[in-house]
$ cat work-v9.pdb   # PDB, C-alpha atoms
ATOM      1  CA  CYS A   1     100.416  89.383 106.539
ATOM      2  CA  SER A   2      98.774  91.834 104.114
ATOM      3  CA  MET A   3      95.343  90.664 105.316
ATOM      4  CA  LEU A   4      96.070  92.359 108.647
ATOM      5  CA  LEU A   5      96.834  95.720 107.014
ATOM      6  CA  GLY A   6      94.546  98.453 105.743
ATOM      7  CA  GLY A   7      95.233 101.614 103.802
ATOM      8  CA  TYR A   8      94.012 104.238 101.387
ATOM      9  CA  VAL A   9      95.217 106.795  98.862
ATOM     10  CA  THR A  10      95.606 110.148 100.605
ATOM     11  CA  THR A  11      95.595 113.673  99.222
ATOM     12  CA  CYS A  12      99.208 114.261 100.369
ATOM     13  CA  GLY A  13     101.923 113.097 102.761
ATOM     14  CA  THR A  14     100.565 115.336 105.511
ATOM     15  CA  GLU A  15      97.241 113.485 105.466
ATOM     16  CA  GLY A  16      99.107 110.211 105.910
ATOM     17  CA  ASN A  17     100.787 111.596 109.021
ATOM     18  CA  LEU A  18      97.510 113.031 110.344
ATOM     19  CA  HIS A  19      95.926 109.602 109.918
ATOM     20  CA  GLY A  20      98.792 107.687 111.514
ATOM     21  CA  ILE A  21      98.971 109.983 114.543
ATOM     22  CA  LEU A  22      95.170 109.910 114.905
ATOM     23  CA  LEU A  23      95.245 106.114 115.127
ATOM     24  CA  ALA A  24      97.997 106.377 117.736
ATOM     25  CA  ARG A  25      95.929 108.819 119.785
ATOM     26  CA  GLU A  26      92.850 106.578 119.575
ATOM     27  CA  CYS A  27      94.889 103.564 120.714
ATOM     28  CA  HIS A  28      96.627 105.507 123.493
ATOM     29  CA  PRO A  29      94.529 108.564 124.513
ATOM     30  CA  ASP A  30      96.968 109.449 127.317
ATOM     31  CA  GLY A  31     100.122 108.709 125.318
ATOM     32  CA  ILE A  32     102.983 111.126 124.705
ATOM     33  CA  LEU A  33     104.179 111.732 121.127
ATOM     34  CA  TYR A  34     107.959 111.709 120.697
ATOM     35  CA  SER A  35     109.539 112.938 117.477
ATOM     36  CA  SER A  36     112.752 114.670 116.485
ATOM     37  CA  ARG A  37     113.046 118.422 116.036
ATOM     38  CA  GLU A  38     113.795 117.871 112.350
ATOM     39  CA  THR A  39     110.478 116.091 111.817
ATOM     40  CA  HIS A  40     108.117 117.383 109.128
ATOM     41  CA  TYR A  41     105.839 120.067 110.544
ATOM     42  CA  SER A  42     102.731 117.969 109.864
ATOM     43  CA  VAL A  43     103.526 115.617 112.757
ATOM     44  CA  PHE A  44     103.498 118.388 115.348
ATOM     45  CA  LYS A  45     100.476 119.884 113.559
ATOM     46  CA  ALA A  46      98.722 116.564 114.225
ATOM     47  CA  ALA A  47      99.680 116.748 117.902
ATOM     48  CA  ARG A  48      98.210 120.256 118.066
ATOM     49  CA  TYR A  49      94.996 119.243 116.274
ATOM     50  CA  TYR A  50      94.485 116.240 118.528
ATOM     51  CA  ARG A  51      95.604 118.049 121.697
ATOM     52  CA  MET A  52      98.318 115.523 122.424
ATOM     53  CA  ASP A  53     101.316 115.981 124.679
ATOM     54  CA  ALA A  54     104.348 116.021 122.403
ATOM     55  CA  LYS A  55     108.103 116.093 122.924
ATOM     56  CA  ALA A  56     110.478 117.501 120.296
ATOM     57  CA  ILE A  57     113.641 115.447 120.779
ATOM     58  CA  PRO A  58     117.017 116.990 119.825
ATOM     59  CA  THR A  59     118.817 115.628 116.783
ATOM     60  CA  LEU A  60     122.327 114.498 116.005
ATOM     61  CA  PRO A  61     124.274 116.691 113.538
ATOM     62  CA  MET A  62     123.296 114.409 110.630
ATOM     63  CA  GLY A  63     119.596 114.909 111.402
ATOM     64  CA  GLU A  64     118.749 111.615 113.091
ATOM     65  CA  ILE A  65     116.933 111.677 116.408
ATOM     66  CA  ASP A  66     119.216 111.785 119.470
ATOM     67  CA  TYR A  67     118.672 108.246 120.731
ATOM     68  CA  ASP A  68     120.054 108.868 124.218
ATOM     69  CA  ALA A  69     117.824 111.925 124.634
ATOM     70  CA  LEU A  70     114.834 109.883 123.428
ATOM     71  CA  ALA A  71     115.566 107.094 125.912
ATOM     72  CA  SER A  72     115.972 109.583 128.756
ATOM     73  CA  GLU A  73     112.677 111.314 127.974
ATOM     74  CA  ILE A  74     110.746 108.042 127.715
ATOM     75  CA  ALA A  75     112.244 106.885 131.012
ATOM     76  CA  LYS A  76     110.977 110.061 132.718
ATOM     77  CA  ASN A  77     107.416 109.275 131.593
ATOM     78  CA  ARG A  78     107.201 105.500 132.079
ATOM     79  CA  ASP A  79     103.688 105.864 133.493
ATOM     80  CA  ARG A  80     102.308 106.947 130.104
ATOM     81  CA  PRO A  81     102.133 105.116 126.757
ATOM     82  CA  VAL A  82     104.789 105.875 124.162
ATOM     83  CA  ILE A  83     103.916 107.164 120.681
ATOM     84  CA  ILE A  84     106.947 107.586 118.414
ATOM     85  CA  ASN A  85     107.193 109.111 114.961
ATOM     86  CA  VAL A  86     110.148 107.553 113.134
ATOM     87  CA  ASN A  87     111.481 109.572 110.218
ATOM     88  CA  ILE A  88     112.371 107.596 107.106
ATOM     89  CA  GLY A  89     114.128 110.603 105.595
ATOM     90  CA  THR A  90     113.862 113.997 107.279
ATOM     91  CA  THR A  91     112.655 116.989 105.278
ATOM     92  CA  VAL A  92     115.879 118.985 105.097
ATOM     93  CA  LYS A  93     118.749 116.506 105.556
ATOM     94  CA  GLY A  94     117.114 113.271 104.437
ATOM     95  CA  ALA A  95     118.163 111.573 107.678
ATOM     96  CA  VAL A  96     116.718 108.144 108.495
ATOM     97  CA  ASP A  97     116.010 107.371 112.137
ATOM     98  CA  ASN A  98     117.285 103.935 113.155
ATOM     99  CA  LEU A  99     114.081 101.960 113.750
ATOM    100  CA  ASP A 100     115.903  98.944 115.188
ATOM    101  CA  ARG A 101     117.747 101.094 117.697
ATOM    102  CA  ILE A 102     114.491 102.741 118.771
ATOM    103  CA  LEU A 103     112.884  99.319 119.235
ATOM    104  CA  ARG A 104     115.914  98.259 121.270
ATOM    105  CA  ILE A 105     115.476 101.326 123.487
ATOM    106  CA  LEU A 106     111.855 100.388 124.145
ATOM    107  CA  LYS A 107     112.864  96.827 125.018
ATOM    108  CA  THR A 108     115.687  97.993 127.290
ATOM    109  CA  LEU A 109     113.299 100.295 129.143
ATOM    110  CA  GLY A 110     110.813  97.445 129.548
ATOM    111  CA  ILE A 111     108.008  99.084 127.562
ATOM    112  CA  PRO A 112     105.595  96.268 126.587
ATOM    113  CA  ARG A 113     104.211  96.102 123.031
ATOM    114  CA  GLU A 114     100.730  97.135 124.127
ATOM    115  CA  ARG A 115     102.151 100.335 125.645
ATOM    116  CA  TYR A 116     103.802 101.791 122.539
ATOM    117  CA  HIS A 117     102.754 102.840 119.043
ATOM    118  CA  ILE A 118     105.132 103.584 116.167
ATOM    119  CA  HIS A 119     104.274 105.661 113.106
ATOM    120  CA  CYS A 120     106.805 105.963 110.280
ATOM    121  CA  ASP A 121     106.904 109.093 108.148
ATOM    122  CA  GLY A 122     108.362 107.799 104.915
ATOM    123  CA  ALA A 123     107.219 110.595 102.589
ATOM    124  CA  LEU A 124     110.117 110.292 100.124
ATOM    125  CA  PHE A 125     112.600 107.663 101.201
ATOM    126  CA  ALA A 126     110.216 104.880 102.217
ATOM    127  CA  MET A 127     109.594 104.457  98.471
ATOM    128  CA  MET A 128     113.352 104.263  97.895
ATOM    129  CA  MET A 129     114.822 102.300 100.794
ATOM    130  CA  PRO A 130     113.448  98.877  99.755
ATOM    131  CA  PHE A 131     115.454  99.226  96.542
ATOM    132  CA  VAL A 132     118.769 100.163  98.188
ATOM    133  CA  ASP A 133     120.999  97.128  98.617
ATOM    134  CA  TRP A 134     121.792  96.292 102.268
ATOM    135  CA  ALA A 135     119.576  99.065 103.612
ATOM    136  CA  PRO A 136     117.724  98.485 106.917
ATOM    137  CA  GLU A 137     114.265  96.977 106.598
ATOM    138  CA  VAL A 138     111.207  98.996 107.544
ATOM    139  CA  SER A 139     108.147  96.774 107.367
ATOM    140  CA  PHE A 140     105.158  95.503 109.314
ATOM    141  CA  LYS A 141     107.187  92.376 110.123
ATOM    142  CA  LYS A 142     108.547  94.628 112.848
ATOM    143  CA  PRO A 143     106.347  96.117 115.602
ATOM    144  CA  ILE A 144     105.384  99.296 113.756
ATOM    145  CA  ASP A 145     101.773 100.435 113.501
ATOM    146  CA  SER A 146     101.500 102.748 110.491
ATOM    147  CA  ILE A 147     103.494 104.296 107.676
ATOM    148  CA  ALA A 148     102.851 107.206 105.303
ATOM    149  CA  VAL A 149     104.458 107.667 101.877
ATOM    150  CA  SER A 150     104.019 110.239  99.118
ATOM    151  CA  GLY A 151     103.015 109.387  95.564
ATOM    152  CA  HIS A 152     104.005 112.672  93.930
ATOM    153  CA  LYS A 153     107.695 112.322  94.791
ATOM    154  CA  MET A 154     109.486 109.139  93.795
ATOM    155  CA  LEU A 155     106.596 107.779  91.703
ATOM    156  CA  GLY A 156     106.098 111.117  89.956
ATOM    157  CA  CYS A 157     102.332 111.456  90.294
ATOM    158  CA  PRO A 158     101.353 114.829  88.716
ATOM    159  CA  MET A 159      99.096 115.790  91.631
ATOM    160  CA  PRO A 160      99.832 115.654  95.399
ATOM    161  CA  CYS A 161      98.891 112.276  96.849
ATOM    162  CA  GLY A 162     100.174 109.504  99.047
ATOM    163  CA  ILE A 163      99.396 106.212 100.737
ATOM    164  CA  ALA A 164      98.603 105.575 104.388
ATOM    165  CA  LEU A 165      99.089 102.005 105.618
ATOM    166  CA  SER A 166      98.069 100.821 109.089
ATOM    167  CA  ARG A 167      97.229  97.720 111.048
ATOM    168  CA  LYS A 168      93.525  96.961 110.608
ATOM    169  CA  GLU A 169      93.023  96.480 114.333
ATOM    170  CA  HIS A 170      93.853 100.191 114.799
ATOM    171  CA  VAL A 171      91.720 101.383 111.889
ATOM    172  CA  LYS A 172      88.656  99.797 113.481
ATOM    173  CA  LYS A 173      88.961 102.328 116.312
ATOM    174  CA  VAL A 174      88.072 105.175 113.924
ATOM    175  CA  GLU A 175      85.477 103.364 111.816
ATOM    176  CA  GLN A 176      82.126 105.070 111.453
ATOM    177  CA  ARG A 177      79.201 103.782 109.412
ATOM    178  CA  ILE A 178      77.784 106.360 106.966
ATOM    179  CA  ASP A 179      74.366 105.189 105.820
ATOM    180  CA  TYR A 180      73.876 107.441 102.810
ATOM    181  CA  LEU A 181      77.271 106.387 101.451
ATOM    182  CA  ASN A 182      76.510 102.732 102.188
ATOM    183  CA  SER A 183      80.076 102.551 103.394
ATOM    184  CA  VAL A 184      82.343 102.779 106.426
ATOM    185  CA  ASP A 185      84.389 105.963 106.863
ATOM    186  CA  THR A 186      87.965 105.497 108.089
ATOM    187  CA  THR A 187      89.799 108.336 106.306
ATOM    188  CA  ILE A 188      90.760 111.904 107.193
ATOM    189  CA  MET A 189      89.438 113.471 103.971
ATOM    190  CA  GLY A 190      86.116 112.624 102.401
ATOM    191  CA  SER A 191      86.122 113.230  98.637
ATOM    192  CA  ARG A 192      89.506 112.503  97.090
ATOM    193  CA  ASN A 193      90.982 112.581  93.595
ATOM    194  CA  GLY A 194      90.347 109.227  91.910
ATOM    195  CA  GLN A 195      92.914 110.088  89.236
ATOM    196  CA  ALA A 196      95.645 109.958  91.870
ATOM    197  CA  ALA A 197      94.949 106.286  92.583
ATOM    198  CA  LEU A 198      94.864 105.608  88.833
ATOM    199  CA  TYR A 199      98.184 107.335  88.258
ATOM    200  CA  LEU A 200      99.841 105.487  91.159
ATOM    201  CA  TRP A 201      98.697 102.210  89.620
ATOM    202  CA  TYR A 202      99.914 103.318  86.192
ATOM    203  CA  SER A 203     103.321 104.365  87.507
ATOM    204  CA  LEU A 204     103.829 101.121  89.403
ATOM    205  CA  ARG A 205     102.751  99.022  86.412
ATOM    206  CA  LYS A 206     104.825 100.973  83.901
ATOM    207  CA  LYS A 207     108.046 101.056  85.936
ATOM    208  CA  GLY A 208     107.790  97.751  87.754
ATOM    209  CA  VAL A 209     110.237  96.744  90.463
ATOM    210  CA  ALA A 210     113.208  96.865  88.095
ATOM    211  CA  GLY A 211     112.289 100.339  86.858
ATOM    212  CA  ILE A 212     111.867 101.798  90.342
ATOM    213  CA  LYS A 213     115.186 100.277  91.431
ATOM    214  CA  ARG A 214     116.849 101.803  88.369
ATOM    215  CA  ASP A 215     115.450 105.236  89.321
ATOM    216  CA  VAL A 216     116.586 104.835  92.944
ATOM    217  CA  VAL A 217     120.116 103.811  91.974
ATOM    218  CA  HIS A 218     120.278 106.785  89.586
ATOM    219  CA  CYS A 219     119.167 109.182  92.342
ATOM    220  CA  MET A 220     121.648 107.836  94.894
ATOM    221  CA  GLU A 221     124.616 107.816  92.499
ATOM    222  CA  THR A 222     123.765 111.252  91.091
ATOM    223  CA  ALA A 223     123.439 112.682  94.624
ATOM    224  CA  GLN A 224     126.915 111.361  95.433
ATOM    225  CA  TYR A 225     128.223 112.978  92.247
ATOM    226  CA  LEU A 226     126.670 116.325  93.263
ATOM    227  CA  ARG A 227     128.146 116.091  96.767
ATOM    228  CA  ASP A 228     131.600 115.336  95.365
ATOM    229  CA  LYS A 229     131.477 118.199  92.846
ATOM    230  CA  ILE A 230     130.413 120.759  95.480
ATOM    231  CA  THR A 231     133.051 119.468  97.915
ATOM    232  CA  GLU A 232     135.748 119.667  95.224
ATOM    233  CA  ALA A 233     134.723 123.311  94.693
ATOM    234  CA  GLY A 234     135.666 123.995  98.319
ATOM    235  CA  LEU A 235     132.135 124.475  99.670
ATOM    236  CA  THR A 236     130.571 122.781 102.690
ATOM    237  CA  CYS A 237     128.345 119.953 101.550
ATOM    238  CA  ARG A 238     126.980 116.757 103.114
ATOM    239  CA  LEU A 239     124.967 113.705 102.094
ATOM    240  CA  ASN A 240     123.477 111.162 104.475
ATOM    241  CA  ASP A 241     124.144 107.512 103.706
ATOM    242  CA  LEU A 242     120.500 106.582 103.037
ATOM    243  CA  SER A 243     119.522 109.703 101.144
ATOM    244  CA  SER A 244     119.432 111.511  97.818
ATOM    245  CA  THR A 245     119.159 114.898  99.563
ATOM    246  CA  VAL A 246     122.358 116.925  99.295
ATOM    247  CA  VAL A 247     122.747 119.599 101.977
ATOM    248  CA  LEU A 248     125.041 122.581 101.435
ATOM    249  CA  GLU A 249     125.871 126.002 102.781
ATOM    250  CA  ARG A 250     123.277 128.559 101.712
ATOM    251  CA  PRO A 251     124.307 130.619  98.670
ATOM    252  CA  MET A 252     124.482 134.367  99.336
ATOM    253  CA  ASP A 253     122.555 135.416  96.215
ATOM    254  CA  ASP A 254     118.741 135.212  96.464
ATOM    255  CA  LYS A 255     118.439 135.335  92.673
ATOM    256  CA  PHE A 256     120.534 132.175  92.433
ATOM    257  CA  ILE A 257     118.353 130.508  95.074
ATOM    258  CA  LYS A 258     115.178 131.407  93.163
ATOM    259  CA  ARG A 259     116.626 130.408  89.788
ATOM    260  CA  TRP A 260     117.457 126.911  91.065
ATOM    261  CA  GLN A 261     114.431 126.747  93.413
ATOM    262  CA  LEU A 262     116.562 125.839  96.418
ATOM    263  CA  ALA A 263     114.779 125.124  99.690
ATOM    264  CA  CYS A 264     116.611 126.876 102.524
ATOM    265  CA  GLU A 265     116.632 126.667 106.294
ATOM    266  CA  GLU A 266     118.493 129.559 107.925
ATOM    267  CA  ASP A 267     122.107 129.196 106.719
ATOM    268  CA  ILE A 268     121.829 125.947 104.760
ATOM    269  CA  ALA A 269     120.068 124.808 101.593
ATOM    270  CA  HIS A 270     119.331 121.429 100.075
ATOM    271  CA  VAL A 271     118.947 119.768  96.700
ATOM    272  CA  VAL A 272     116.711 116.709  96.449
ATOM    273  CA  VAL A 273     118.051 114.613  93.583
ATOM    274  CA  MET A 274     115.182 112.969  91.702
ATOM    275  CA  PRO A 275     115.158 110.819  88.530
ATOM    276  CA  ASN A 276     115.008 113.885  86.242
ATOM    277  CA  VAL A 277     118.305 115.305  87.551
ATOM    278  CA  THR A 278     121.245 114.623  85.238
ATOM    279  CA  ARG A 279     124.993 115.073  85.624
ATOM    280  CA  PHE A 280     124.882 117.724  82.916
ATOM    281  CA  LYS A 281     122.400 119.721  85.012
ATOM    282  CA  ILE A 282     124.579 119.235  88.088
ATOM    283  CA  ASP A 283     127.679 120.498  86.278
ATOM    284  CA  LYS A 284     125.758 123.637  85.282
ATOM    285  CA  PHE A 285     124.464 124.094  88.833
ATOM    286  CA  VAL A 286     127.925 123.768  90.394
ATOM    287  CA  GLU A 287     129.422 126.116  87.790
ATOM    288  CA  GLU A 288     126.878 128.823  88.697
ATOM    289  CA  LEU A 289     127.257 128.048  92.421
ATOM    290  CA  VAL A 290     131.000 128.720  92.205
ATOM    291  CA  GLU A 291     130.339 131.961  90.315
ATOM    292  CA  CYS A 292     127.878 132.941  93.057
ATOM    293  CA  ARG A 293     130.496 132.277  95.733
ATOM    294  CA  ASP A 294     133.185 134.240  93.886
ATOM    295  CA  THR A 295     130.826 137.209  93.437
ATOM    296  CA  PHE A 296     128.918 137.299  96.721
ATOM    297  CA  GLY A 297     131.147 135.396  99.135
ATOM    298  CA  ARG A 298     130.241 132.543 101.463
ATOM    299  CA  MET A 299     127.581 132.166 104.114
ATOM    300  CA  LYS A 300     128.752 132.386 107.713
ATOM    301  CA  PRO A 301     126.945 130.598 110.557
ATOM    302  CA  VAL A 302     124.062 132.727 111.829
ATOM    303  CA  ARG A 303     124.645 131.489 115.387
ATOM    304  CA  LYS A 304     126.878 129.076 117.280
ATOM    305  CA  ASP A 305     124.447 126.138 116.988
ATOM    306  CA  SER A 306     123.023 126.934 113.552
ATOM    307  CA  PRO A 307     122.320 124.298 110.873
ATOM    308  CA  LEU A 308     125.535 125.271 109.072
ATOM    309  CA  VAL A 309     127.602 124.620 112.208
ATOM    310  CA  LYS A 310     126.040 121.145 112.426
ATOM    311  CA  LEU A 311     126.762 120.637 108.737
ATOM    312  CA  GLU A 312     130.461 121.196 109.471
ATOM    313  CA  SER A 313     130.453 118.712 112.382
ATOM    314  CA  SER A 314     132.965 115.860 112.295
ATOM    315  CA  ALA A 315     130.107 113.493 113.191
ATOM    316  CA  TRP A 316     129.325 113.262 109.474
ATOM    317  CA  GLY A 317     132.695 111.619 108.873
ATOM    318  CA  GLY A 318     134.473 111.722 105.531
ATOM    319  CA  SER A 319     137.969 112.522 104.333
ATOM    320  CA  LYS A 320     137.653 116.192 105.312
ATOM    321  CA  VAL A 321     137.430 115.251 108.992
ATOM    322  CA  ALA A 322     140.900 113.726 109.115
ATOM    323  CA  PRO A 323     143.317 112.469 106.455
ATOM    324  CA  VAL A 324     143.641 108.725 105.971
ATOM    325  CA  ALA A 325     146.880 107.471 107.527
ATOM    326  CA  ASP A 326     149.190 104.971 105.853
ATOM    327  CA  PHE A 327     149.570 102.044 108.266
ATOM    328  CA  SER A 328     152.932 101.048 106.798
ATOM    329  CA  GLU A 329     154.373 104.425 107.743
ATOM    330  CA  GLY A 330     153.063 104.185 111.293
ATOM    331  CA  LYS A 331     151.447 107.645 111.054
ATOM    332  CA  PHE A 332     148.185 107.127 112.835
TER     333      PHE A 332
END
$ encode --input "work-v9.pdb" --output "structure tokens"
Amino acid sequence: CSMLLGGYVTTCGTEGNLHGILLARECHPDGILYSSRETHYSVFKAARYYRMDAKAIPTLPMGEIDYDALASEIAKNRDRPVIINVNIGTTVKGAVDNLDRILRILKTLGIPRERYHIHCDGALFAMMMPFVDWAPEVSFKKPIDSIAVSGHKMLGCPMPCGIALSRKEHVKKVEQRIDYLNSVDTTIMGSRNGQAALYLWYSLRKKGVAGIKRDVVHCMETAQYLRDKITEAGLTCRLNDLSSTVVLERPMDDKFIKRWQLACEEDIAHVVVMPNVTRFKIDKFVEELVECRDTFGRMKPVRKDSPLVKLESSAWGGSKVAPVADFSEGKF
């Protein structure tokens, strides 16, 4: 029920995470924060600010949290409350942690509801997933406690902003009456940009549900087109199922990287496909990417467990892993 939820417009996605983790710490002062190694840096920044014990859980090649490793680590610390950050789209690979599987782990381990707290970092994809047909549901109908989303990404707000949503029962733990404001303070930041809230309202009203869904479908289909074009060019490229973030081997030319403003992590790079990206732009990008490869060569893994090695893992699936056999010929 929306009456049981509280929230506010934040200055950025990081503030939403700082707020969500703060509520978790206030609810469970001796809890341990568990989050994947591919989590946005702001989550571990929050743990450092609040002096919380935190565990960086390994990830699967696609970027999701390693569920078996998570279960094992929680089992080792049964005597302490569990605080979990669930990624609804990781920063580099756009991977979505399986919330239902994490909840199943908690149930299997016998962790009661009052002994765990779940924050969802949905910076980009939490604004997209509700509009993807047959996607998993992430909502307060499930036992989650807070979620943070960005407003300057999918909704296109011209200044950094976001929304932090939490259960009101948790927010009350950080309430503080400020007499000269004649108000109750529950936020991380004090003064915030009122234009951000206005623009979020404007964007939602202008696009509507149908408009946002149209943008999401465009992003998903265009990301698949980009992945296919890069793969056809003979370069290593991957795309998670619930994502518009295309991950590829890092180009060797820094000028090319700067020209296209690619975000890189060691030996990989990514392209986040947003509503403004067209197929014409993608064709131009791939054309220049192929020229870059022909001129400067291809990136080699910087170490045996580097991001590029994980990008080439068969765990991603796809036709490049193994050819499809024809059942009628009995070749399988």
$ closest_residue --input "work-v9.pdb" --among "A:Asn276, A:Met62, A:Lys206, A:Arg298" --to "A:Arg250" --atoms "all atoms listed in the file"
A:Arg298
$ residues_around --input "work-v9.pdb" --residues "A:Glu249" --least-positions-apart "2" --cutoff "10 Å" --atoms "all atoms listed in the file" --output "JSON, numbers by chain"
{"A": [235, 236, 237, 238, 247, 251, 252, 264, 265, 266, 267, 268, 269, 270, 298, 299, 300, 301, 307, 308, 309, 311, 312]}
$ atom_distance --input "work-v9.pdb" --atom1 "atom CA of A:Cys292" --atom2 "atom CA of A:Asp253"
6.7 Å
$ residues_around --input "work-v9.pdb" --residues "A:Tyr41" --least-positions-apart "2" --cutoff "12 Å" --atoms "only C-alpha atoms" --output "JSON, numbers by chain"
{"A": [13, 14, 15, 17, 18, 35, 36, 37, 38, 39, 43, 44, 45, 46, 47, 48, 56, 85, 87, 90, 91, 92, 121]}
$ write_last_selection --input "work-v9.pdb" --atoms "C-alpha atoms" --output "mmCIF file, keeping the file's coordinate frame"
data_model
loop_
_atom_site.group_PDB
_atom_site.id
_atom_site.type_symbol
_atom_site.label_atom_id
_atom_site.label_comp_id
_atom_site.auth_asym_id
_atom_site.auth_seq_id
_atom_site.Cartn_x
_atom_site.Cartn_y
_atom_site.Cartn_z
ATOM 1 C CA GLY A 13 101.923 113.097 102.761
ATOM 2 C CA THR A 14 100.565 115.336 105.511
ATOM 3 C CA GLU A 15 97.241 113.485 105.466
ATOM 4 C CA ASN A 17 100.787 111.596 109.021
ATOM 5 C CA LEU A 18 97.510 113.031 110.344
ATOM 6 C CA SER A 35 109.539 112.938 117.477
ATOM 7 C CA SER A 36 112.752 114.670 116.485
ATOM 8 C CA ARG A 37 113.046 118.422 116.036
ATOM 9 C CA GLU A 38 113.795 117.871 112.350
ATOM 10 C CA THR A 39 110.478 116.091 111.817
ATOM 11 C CA VAL A 43 103.526 115.617 112.757
ATOM 12 C CA PHE A 44 103.498 118.388 115.348
ATOM 13 C CA LYS A 45 100.476 119.884 113.559
ATOM 14 C CA ALA A 46 98.722 116.564 114.225
ATOM 15 C CA ALA A 47 99.680 116.748 117.902
ATOM 16 C CA ARG A 48 98.210 120.256 118.066
ATOM 17 C CA ALA A 56 110.478 117.501 120.296
ATOM 18 C CA ASN A 85 107.193 109.111 114.961
ATOM 19 C CA ASN A 87 111.481 109.572 110.218
ATOM 20 C CA THR A 90 113.862 113.997 107.279
ATOM 21 C CA THR A 91 112.655 116.989 105.278
ATOM 22 C CA VAL A 92 115.879 118.985 105.097
ATOM 23 C CA ASP A 121 106.904 109.093 108.148
#
$ atom_distance --input "work-v9.pdb" --atom1 "atom CA of A:Met128" --atom2 "atom CA of A:Val86"
15.9 Å
$ resolve_selection --input "work-v9.pdb" --expression "the PyMOL selection byres ((chain A and resi 55) around 8)" --output "VMD selection string"
chain A and resid 32 to 35 53 to 54 56 to 57
$ atom_distance --input "work-v9.pdb" --atom1 "atom CA of A:Thr245" --atom2 "atom CA of A:Val149"
16.5 Å
